[in-house]
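Since the structure comes first, as C-alpha cells, the remarks are kept for the end.
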Amino acid sequence: MNKMRFGIFMPPFNSPPTQNATTSLQRNLETLQLMDRLGYDEAWIGEHHSAGTEIIADPLTFIAHAGALTRSIKLGTGVVSLPYHNPLWIADRAILVDHLLRGRLMLGVGPGSLPTDSAMIGLNPTQTRELLETNLEVVMQLLTSDEPVTVDTGTHKLIDARLHLRPYSVPHFDVSVAAVASPTGPRLAGRHGVGLLSIGATLSADGFDALAHHWNVMEERAATFGNTVDREKWRLVGPMHIAETREQAYKDVEHGIEQWFNYFKKVAAFPQMAVDGGNLREMIDFINGAGIGAIGTPDDARAQVQRLVDQSGGFGAMLLMAHEWANPEATRRSFELIAQHVMPEFQGQGWPTRNAKQRAMDTRSGHAEQQNQAVAHMTEKYQKEIANKS
C-alpha cells in the first residue's frame with residue numbers, strides 16, 4: 001500500500017436546522033480551506049434535498065466554488081444521488097467541473113440516502129437502487145467509450161447520446177460508488193472497476209463487519225466482468241473529535257453531539273445509520289465503545305484508524321465524517337491535531353523523525369564530549385596565539 005490519504009466526508013450535518021443557512025454554508029467552505037492548508041488530500045460533498053440538516057442540494061456547484069478557494073485538495077461528490085438525474089447531464093457537468101478544477105474532481109455516486117428526497121420525485125428506495133445500476137452503466141459508457149448511447153432508463157430516454165468534451169483527467173476522473181452495509185455498492189464498484197466509498201464503515205456493527213466481505217464482493221464482480229479493483233481507491237468514512245486530553249474532547253462535544261444523534265434517531269429515515277444513547281455520556285461511550293469513531297486524543301484516533309486497517313485488510317483513504325459535535329474553534333483544533341499527530345503515522349512521516357531523535361539520544365554523550373573537546377582545543381589554541389604574540 002502507498003501512503004494513506006486523509007480527508008473529509010461532508011454531507012454536511014449543519015444543525016440545528018434553525019441556524020442561518022448562509023453562514024453554515026460559509027463555515028463549510030472555510031472548513032475545506034482549512035483542510036487544504038493542513039495538507040488533507042480529499043473532501044467529498046453530499047447531495048440532499050429535505051430534512052433541514054444536510055443542506056447542500058448540488059455538490060457539483062458547491063465544488064466548483066470551493067475549487068476557486070483551495071489549491072491542492074481534491075474535491076468529490078459524496079455523493080451525487082444518480083437516480084434523481086439524467087445520467088448524460090451528470091457526466092457532462094462533471095467533465096465541466098473537472099476542467100475548472102484542472103483534474104481535482106472526483107465523482108461519487110449513490111442511490112440517495114434520504115427517502116424524503118426520492119419521495120418528492122415519485123421514487124422509493126428500491127427503485128433508486130435499481131436506477132443507480134442503470135444510470136452508472138450509462139455514465140461509465142459515456143466516459144470510457146466514443147460509441148453513442150441509446151437507452152430508456154425508466155426516468156430518462158437517451159438517443160445517440162455522446163459527450164462533446166473529454167475529461168481534463170486522463171482517462172477520466174476517479175469514480176466511486178457509495179456503500180453502507182449491503183453488497184449493492186461493492187457489487188457495482190467491482191463490475192465497473194471503480195472505487196468504493198464505505199460510508200457506513202463504522203456507523204453500524206453491520207457496516208464494520210461487512211468491510212472484509214465488501215472487498216471480496218468487489219474482487220468477485222471485477223473478475224466476472226474482466227476488471228480489476230484497487231485498494232487505493234477504497235475510502236472508509238468515520239466520525240472523530242480530538243483534543244489534547246480526553247476530558248477536553250468530552251467537554252467539547254457537549255456543544256452539539258446530542259443534535260447529531262437526534263437527527264439519526266428521530267429525523268432522517270436512514271436506519272442503516274443507527275445510533276444509540278440517551279444522554280451525553282452514553283452517546284460518547286457509544287461512539288468509543290462500539291468502535292463507531294473516536295472522541296478523545298490523537299492516540300485514540302490512531303488506534304481507530306489502525307482498527308479499520310486490520311478489519312478491512314487495507315484501504316486507501318480515511319475520511320473524517322463532518323459534524324458539528326463541537327463549536328467551530330474546537331472543531332478546527334481537532335482537524336489540526338489529526339493532521340499533526342495522526343496522519344504522519346499512516347503516511348510514512350512519523351517514524352523517520354522518531355528514529356532520528358532516538359539516534360541522537362543514543363549518541364548524545366559521545367557527541368557532547370567531542371563538543372567539549374573541541375571547545376577546549378580552540379581555547380588552548382587561542383591561548384597559545386596570545387602567548388606567542390607577547
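Chain labels run A, B, ... following the order of the C-alpha cells; each chain numbers its residues from 1, and ligands are numbered from 1 in the order shown.
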
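Taking segment 218-363 of chain A and asking which residues DSSP calls strand (DSSP E or B) on the backbone, you get A:Trp234, A:Arg235, A:Leu236, A:Val237, A:Gly238, A:Met240, A:His241, A:Ile242, A:Ala294, A:Ile295, A:Gly296, A:Ala317, A:Met318, A:Leu319, A:Leu320, A:Met321.
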
Just C-alpha atoms for this one: save the residues we selected as a PDB file, in the first residue's frame.
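Written out: part.pdb:
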ATOM      1  CA  TRP A 234     -11.269   2.261  -1.288  1.00  0.00           C
ATOM      2  CA  ARG A 235     -12.292   5.025   1.118  1.00  0.00           C
ATOM      3  CA  LEU A 236     -13.627   4.464   4.639  1.00  0.00           C
ATOM      4  CA  VAL A 237     -15.698   7.081   6.478  1.00  0.00           C
ATOM      5  CA  GLY A 238     -15.914   7.522  10.244  1.00  0.00           C
ATOM      6  CA  MET A 240     -13.877  11.673  15.192  1.00  0.00           C
ATOM      7  CA  HIS A 241     -13.349  14.587  17.543  1.00  0.00           C
ATOM      8  CA  ILE A 242      -9.879  15.018  19.007  1.00  0.00           C
ATOM      9  CA  ALA A 294     -13.016   8.287  18.357  1.00  0.00           C
ATOM     10  CA  ILE A 295     -13.736  11.022  20.864  1.00  0.00           C
ATOM     11  CA  GLY A 296     -10.500  11.582  22.741  1.00  0.00           C
ATOM     12  CA  ALA A 317      -8.169   6.848   2.345  1.00  0.00           C
ATOM     13  CA  MET A 318      -9.576   7.638   5.786  1.00  0.00           C
ATOM     14  CA  LEU A 319     -12.372  10.203   5.516  1.00  0.00           C
ATOM     15  CA  LEU A 320     -13.474  12.038   8.655  1.00  0.00           C
ATOM     16  CA  MET A 321     -17.231  12.378   8.767  1.00  0.00           C
TER      17      MET A 321
END

Taking the DSSP assignment computed from this structure's backbone, write out as a compact mmCIF listing (two decimals) with C-alpha atoms, in the first residue's frame all residues of segment 198-310 of chain A that belong to helix (DSSP H, G or I).
# COMPACT_ATOMS: atom_id res chain seq x y z
CA ALA A 205 -21.94 -3.19 13.54
CA ASP A 206 -23.11 -4.48 10.18
CA GLY A 207 -21.04 -1.87 8.37
CA PHE A 208 -17.87 -2.72 10.28
CA ASP A 209 -18.38 -6.47 9.95
CA LEU A 211 -15.72 -4.42 5.41
CA ALA A 212 -13.75 -7.53 4.51
CA HIS A 213 -16.82 -9.02 2.80
CA HIS A 214 -17.24 -5.89 0.68
CA TRP A 215 -13.74 -6.28 -0.69
CA ASN A 216 -14.41 -9.92 -1.53
CA VAL A 217 -17.58 -8.88 -3.40
CA MET A 218 -15.63 -6.25 -5.35
CA GLU A 219 -12.95 -8.74 -6.36
CA GLU A 220 -15.51 -11.36 -7.43
CA ARG A 221 -17.51 -8.90 -9.55
CA ALA A 222 -14.38 -7.41 -11.05
CA ALA A 223 -13.11 -10.82 -12.09
CA THR A 224 -16.50 -11.71 -13.57
CA ARG A 231 -7.49 -0.90 -2.57
CA GLU A 232 -6.03 2.58 -3.07
CA LYS A 233 -9.48 3.61 -4.36
CA ARG A 246 -9.98 13.10 26.69
CA GLU A 247 -11.59 15.32 29.26
CA GLN A 248 -11.38 18.29 26.89
CA ALA A 249 -12.73 16.25 23.98
CA TYR A 250 -15.69 15.09 26.08
CA LYS A 251 -16.39 18.68 27.12
CA ASP A 252 -16.11 19.90 23.51
CA VAL A 253 -18.81 17.57 22.18
CA GLU A 254 -21.36 18.82 24.69
CA HIS A 255 -21.89 21.57 22.11
CA ILE A 257 -23.44 15.73 19.70
CA GLU A 258 -26.99 15.31 21.03
CA GLN A 259 -28.39 17.12 17.99
CA TRP A 260 -26.41 14.80 15.70
CA PHE A 261 -27.76 11.72 17.49
CA ASN A 262 -31.31 13.06 17.44
CA TYR A 263 -31.09 13.67 13.69
CA PHE A 264 -30.39 10.00 13.03
CA LYS A 265 -32.81 8.73 15.69
CA LYS A 266 -35.80 10.99 15.02
CA VAL A 267 -35.49 12.86 11.72
CA LEU A 280 -24.36 12.77 26.68
CA ARG A 281 -22.10 10.22 28.37
CA GLU A 282 -23.98 7.29 26.81
CA MET A 283 -23.52 8.89 23.39
CA ILE A 284 -19.77 9.32 23.94
CA ASP A 285 -19.49 5.74 25.20
CA PHE A 286 -21.44 4.50 22.17
CA ILE A 287 -19.05 6.25 19.75
CA ASN A 288 -15.94 4.97 21.53
CA GLY A 289 -17.13 1.65 22.92
CA PRO A 298 -4.61 11.62 18.94
CA ASP A 299 -3.72 8.23 20.44
CA ASP A 300 -7.39 7.25 20.31
CA ALA A 301 -7.65 8.43 16.71
CA ARG A 302 -4.58 6.44 15.65
CA ALA A 303 -5.98 3.34 17.33
CA GLN A 304 -9.30 3.72 15.49
CA VAL A 305 -7.62 4.05 12.08
CA GLN A 306 -5.44 1.01 12.79
CA ARG A 307 -8.51 -0.96 13.84
CA LEU A 308 -10.10 -0.22 10.47
CA VAL A 309 -6.93 -1.19 8.63
CA ASP A 310 -6.85 -4.52 10.45

For segment 138-215 of chain A against segment 29-45 of chain A, with a cut-off of 12 Å and counting only C-alpha atoms, what is the closest atom pair and its distance in Å to one decimal for every residue that makes the cut, ordered by chain and number, as a Markdown table?
| residue | atom | partner | partner_atom | distance |
| --- | --- | --- | --- | --- |
| A:Asp174 | CA | A:Glu42 | CA | 11.7 |
| A:Val175 | CA | A:Trp44 | CA | 11.9 |
| A:Ser176 | CA | A:Trp44 | CA | 10.8 |
| A:Ala178 | CA | A:Trp44 | CA | 11.4 |
| A:Leu197 | CA | A:Trp44 | CA | 9.9 |
| A:Ile199 | CA | A:Trp44 | CA | 11.0 |

Atom CA of His99 of chain A to atom CA of Tyr168 of chain A, distance in Å rounded to a single decimal:
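The value is 5.1 Å.
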
Quick one: residues within 12 Å of Ala68 of chain A, only C-alpha atoms, excluding same-chain residues fewer than 5 positions away - as a ChimeraX atom specification?
/A:29,32-33,36,61-63,73-75,97,100-102,104

Give me the residues within 8 Å of Pro87 of chain A as JSON, numbers by chain, counting only C-alpha atoms and dropping any in the same chain fewer than 6 places off.
{"A": [135, 136, 138, 139]}

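Nearest to Phe315 of chain A of all the residues A:Leu196, A:Ile55, A:Ala330, A:Met378 is A:Leu196, counting only C-alpha atoms.
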
Computed gap from atom CA of Gly256 of chain A to atom CA of Phe346 of chain A is 29.4 Å

Show me, as a ChimeraX atom specification, the residues that have an atom within 12 Å of segment 115-130 of chain A when counting only C-alpha atoms, minus same-chain residues fewer than 3 positions from it.
/A:47-52,54-55,57,81-85,109-112,133-137,153-155,177-179,182-185,187-188,267-271

Only N, CA, C and O atoms, please: the residues just picked out, written as a short mmCIF file (atom, residue, chain, number, x, y, z; two decimals), in the first residue's frame.
data_model
loop_
_atom_site.label_atom_id
_atom_site.label_comp_id
_atom_site.auth_asym_id
_atom_site.auth_seq_id
_atom_site.Cartn_x
_atom_site.Cartn_y
_atom_site.Cartn_z
N GLU A 47 -25.23 15.41 -1.43
CA GLU A 47 -26.43 15.97 -2.07
C GLU A 47 -27.66 15.54 -1.29
O GLU A 47 -27.92 14.33 -1.13
N HIS A 48 -28.43 16.51 -0.80
CA HIS A 48 -29.67 16.21 -0.10
C HIS A 48 -30.67 17.33 -0.36
O HIS A 48 -30.28 18.47 -0.65
N HIS A 49 -31.95 17.01 -0.21
CA HIS A 49 -33.00 17.96 -0.59
C HIS A 49 -34.11 18.08 0.45
O HIS A 49 -35.13 18.71 0.19
N SER A 50 -33.94 17.48 1.62
CA SER A 50 -35.00 17.51 2.62
C SER A 50 -34.40 17.33 4.01
O SER A 50 -33.19 17.11 4.15
N ALA A 51 -35.22 17.45 5.04
CA ALA A 51 -34.89 17.18 6.44
C ALA A 51 -34.13 18.31 7.12
O ALA A 51 -33.90 18.26 8.32
N GLY A 52 -33.67 19.33 6.39
CA GLY A 52 -33.22 20.57 7.00
C GLY A 52 -31.86 20.58 7.65
O GLY A 52 -31.47 21.60 8.22
N GLU A 54 -28.81 18.44 6.24
CA GLU A 54 -27.80 18.25 5.19
C GLU A 54 -28.21 19.15 4.02
O GLU A 54 -28.99 18.75 3.17
N ILE A 55 -27.65 20.36 3.99
CA ILE A 55 -28.29 21.45 3.24
C ILE A 55 -27.64 21.77 1.90
O ILE A 55 -27.99 22.79 1.28
N ALA A 57 -27.64 21.11 -1.85
CA ALA A 57 -28.50 20.46 -2.84
C ALA A 57 -27.74 20.00 -4.07
O ALA A 57 -28.15 19.03 -4.72
N SER A 81 -26.72 11.84 -6.02
CA SER A 81 -27.79 10.83 -5.99
C SER A 81 -28.19 10.55 -7.43
O SER A 81 -29.12 11.14 -7.98
N LEU A 82 -27.48 9.65 -8.05
CA LEU A 82 -27.55 9.45 -9.50
C LEU A 82 -28.96 9.12 -10.01
O LEU A 82 -29.35 9.58 -11.09
N PRO A 83 -29.78 8.36 -9.28
CA PRO A 83 -31.13 8.06 -9.79
C PRO A 83 -32.03 9.29 -9.93
O PRO A 83 -33.05 9.22 -10.62
N TYR A 84 -31.67 10.40 -9.28
CA TYR A 84 -32.51 11.59 -9.36
C TYR A 84 -32.30 12.36 -10.66
O TYR A 84 -33.06 13.28 -10.96
N HIS A 85 -31.29 12.01 -11.44
CA HIS A 85 -30.83 12.87 -12.52
C HIS A 85 -30.74 12.13 -13.86
O HIS A 85 -30.66 10.90 -13.90
N VAL A 109 -21.01 8.44 -6.55
CA VAL A 109 -22.42 8.25 -6.87
C VAL A 109 -23.06 7.28 -5.89
O VAL A 109 -22.39 6.44 -5.30
N GLY A 110 -24.35 7.43 -5.71
CA GLY A 110 -25.09 6.54 -4.84
C GLY A 110 -26.57 6.61 -5.14
O GLY A 110 -27.00 7.39 -6.00
N PRO A 111 -27.38 5.84 -4.44
CA PRO A 111 -28.82 5.80 -4.72
C PRO A 111 -29.59 6.96 -4.10
O PRO A 111 -30.75 7.18 -4.44
N GLY A 112 -28.95 7.71 -3.19
CA GLY A 112 -29.67 8.72 -2.42
C GLY A 112 -30.04 8.14 -1.07
O GLY A 112 -30.63 7.06 -0.98
N GLU A 133 -27.89 1.35 -10.67
CA GLU A 133 -27.18 0.40 -11.53
C GLU A 133 -27.31 0.80 -13.00
O GLU A 133 -26.32 0.82 -13.75
N THR A 134 -28.52 1.16 -13.41
CA THR A 134 -28.75 1.55 -14.80
C THR A 134 -28.00 2.83 -15.16
O THR A 134 -27.32 2.91 -16.19
N ASN A 135 -28.11 3.84 -14.32
CA ASN A 135 -27.51 5.13 -14.63
C ASN A 135 -25.99 5.11 -14.54
O ASN A 135 -25.32 5.81 -15.31
N LEU A 136 -25.44 4.32 -13.62
CA LEU A 136 -23.98 4.22 -13.56
C LEU A 136 -23.44 3.56 -14.82
O LEU A 136 -22.38 3.95 -15.34
N GLU A 137 -24.17 2.58 -15.33
CA GLU A 137 -23.77 1.95 -16.60
C GLU A 137 -23.69 2.99 -17.71
O GLU A 137 -22.74 3.01 -18.50
N THR A 153 -33.93 4.67 -19.43
CA THR A 153 -33.59 4.29 -18.06
C THR A 153 -34.82 4.05 -17.20
O THR A 153 -34.70 3.54 -16.08
N GLY A 154 -35.97 4.43 -17.69
CA GLY A 154 -37.18 4.37 -16.87
C GLY A 154 -37.61 5.75 -16.43
O GLY A 154 -38.80 6.01 -16.22
N THR A 155 -36.65 6.67 -16.28
CA THR A 155 -36.97 8.06 -15.95
C THR A 155 -36.47 9.02 -17.02
O THR A 155 -36.94 10.16 -17.09
N VAL A 177 -18.41 4.46 -5.82
CA VAL A 177 -19.80 4.12 -5.50
C VAL A 177 -19.95 4.04 -3.99
O VAL A 177 -19.08 3.47 -3.30
N ALA A 178 -21.02 4.60 -3.46
CA ALA A 178 -21.27 4.58 -2.03
C ALA A 178 -21.72 3.21 -1.56
O ALA A 178 -22.41 2.48 -2.29
N ALA A 179 -21.35 2.86 -0.32
CA ALA A 179 -21.78 1.61 0.30
C ALA A 179 -22.00 1.84 1.79
O ALA A 179 -21.27 2.62 2.41
N SER A 182 -25.04 -3.13 2.74
CA SER A 182 -25.45 -4.12 1.73
C SER A 182 -24.36 -4.27 0.67
O SER A 182 -23.47 -3.42 0.55
N PRO A 183 -24.43 -5.30 -0.16
CA PRO A 183 -23.42 -5.51 -1.21
C PRO A 183 -23.66 -4.68 -2.47
O PRO A 183 -22.93 -4.82 -3.44
N THR A 184 -24.68 -3.80 -2.48
CA THR A 184 -25.00 -3.05 -3.69
C THR A 184 -23.81 -2.25 -4.19
O THR A 184 -23.43 -2.32 -5.37
N GLY A 185 -23.22 -1.45 -3.31
CA GLY A 185 -22.10 -0.61 -3.70
C GLY A 185 -20.89 -1.39 -4.17
O GLY A 185 -20.37 -1.15 -5.28
N ARG A 187 -20.71 -4.36 -5.26
CA ARG A 187 -21.03 -5.11 -6.47
C ARG A 187 -20.89 -4.24 -7.71
O ARG A 187 -20.28 -4.66 -8.71
N LEU A 188 -21.39 -3.01 -7.66
CA LEU A 188 -21.27 -2.10 -8.80
C LEU A 188 -19.83 -1.61 -8.98
O LEU A 188 -19.35 -1.47 -10.10
N VAL A 267 -35.19 12.06 12.90
CA VAL A 267 -35.49 12.86 11.72
C VAL A 267 -35.20 12.09 10.44
O VAL A 267 -36.11 11.85 9.63
N ALA A 268 -33.95 11.72 10.21
CA ALA A 268 -33.56 11.06 8.97
C ALA A 268 -34.05 9.62 8.95
O ALA A 268 -33.71 8.83 9.84
N ALA A 269 -34.83 9.27 7.94
CA ALA A 269 -35.32 7.89 7.80
C ALA A 269 -34.23 7.06 7.11
O ALA A 269 -34.37 6.64 5.96
N PHE A 270 -33.15 6.85 7.86
CA PHE A 270 -31.97 6.17 7.31
C PHE A 270 -31.49 5.17 8.35
O PHE A 270 -30.49 5.39 9.04
N PRO A 271 -32.21 4.06 8.51
CA PRO A 271 -31.92 3.13 9.62
C PRO A 271 -30.55 2.49 9.56
O PRO A 271 -30.07 1.96 10.57
#

Taking only C-alpha atoms into account, which of A:Val170, A:Val342, A:Ile386, A:Ala374 comes nearest Leu105 of chain A?
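Result for the nearest residue to Leu105 of chain A: A:Val170.
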
Given only C-alpha atoms as the basis, pick out the residue of A:Ala91, A:Pro186, A:Asp98, A:Gln26 nearest to Leu143 of chain A.
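That would be A:Ala91, the residue with the smallest distance to Leu143 of chain A.
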
Which residue out of A:Ala322, A:Ile95, A:Ala21, A:Leu131 has the minimum interatomic distance to Phe9 of chain A when only C-alpha atoms are used?
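Among the listed residues, A:Ala322 lies closest to Phe9 of chain A.
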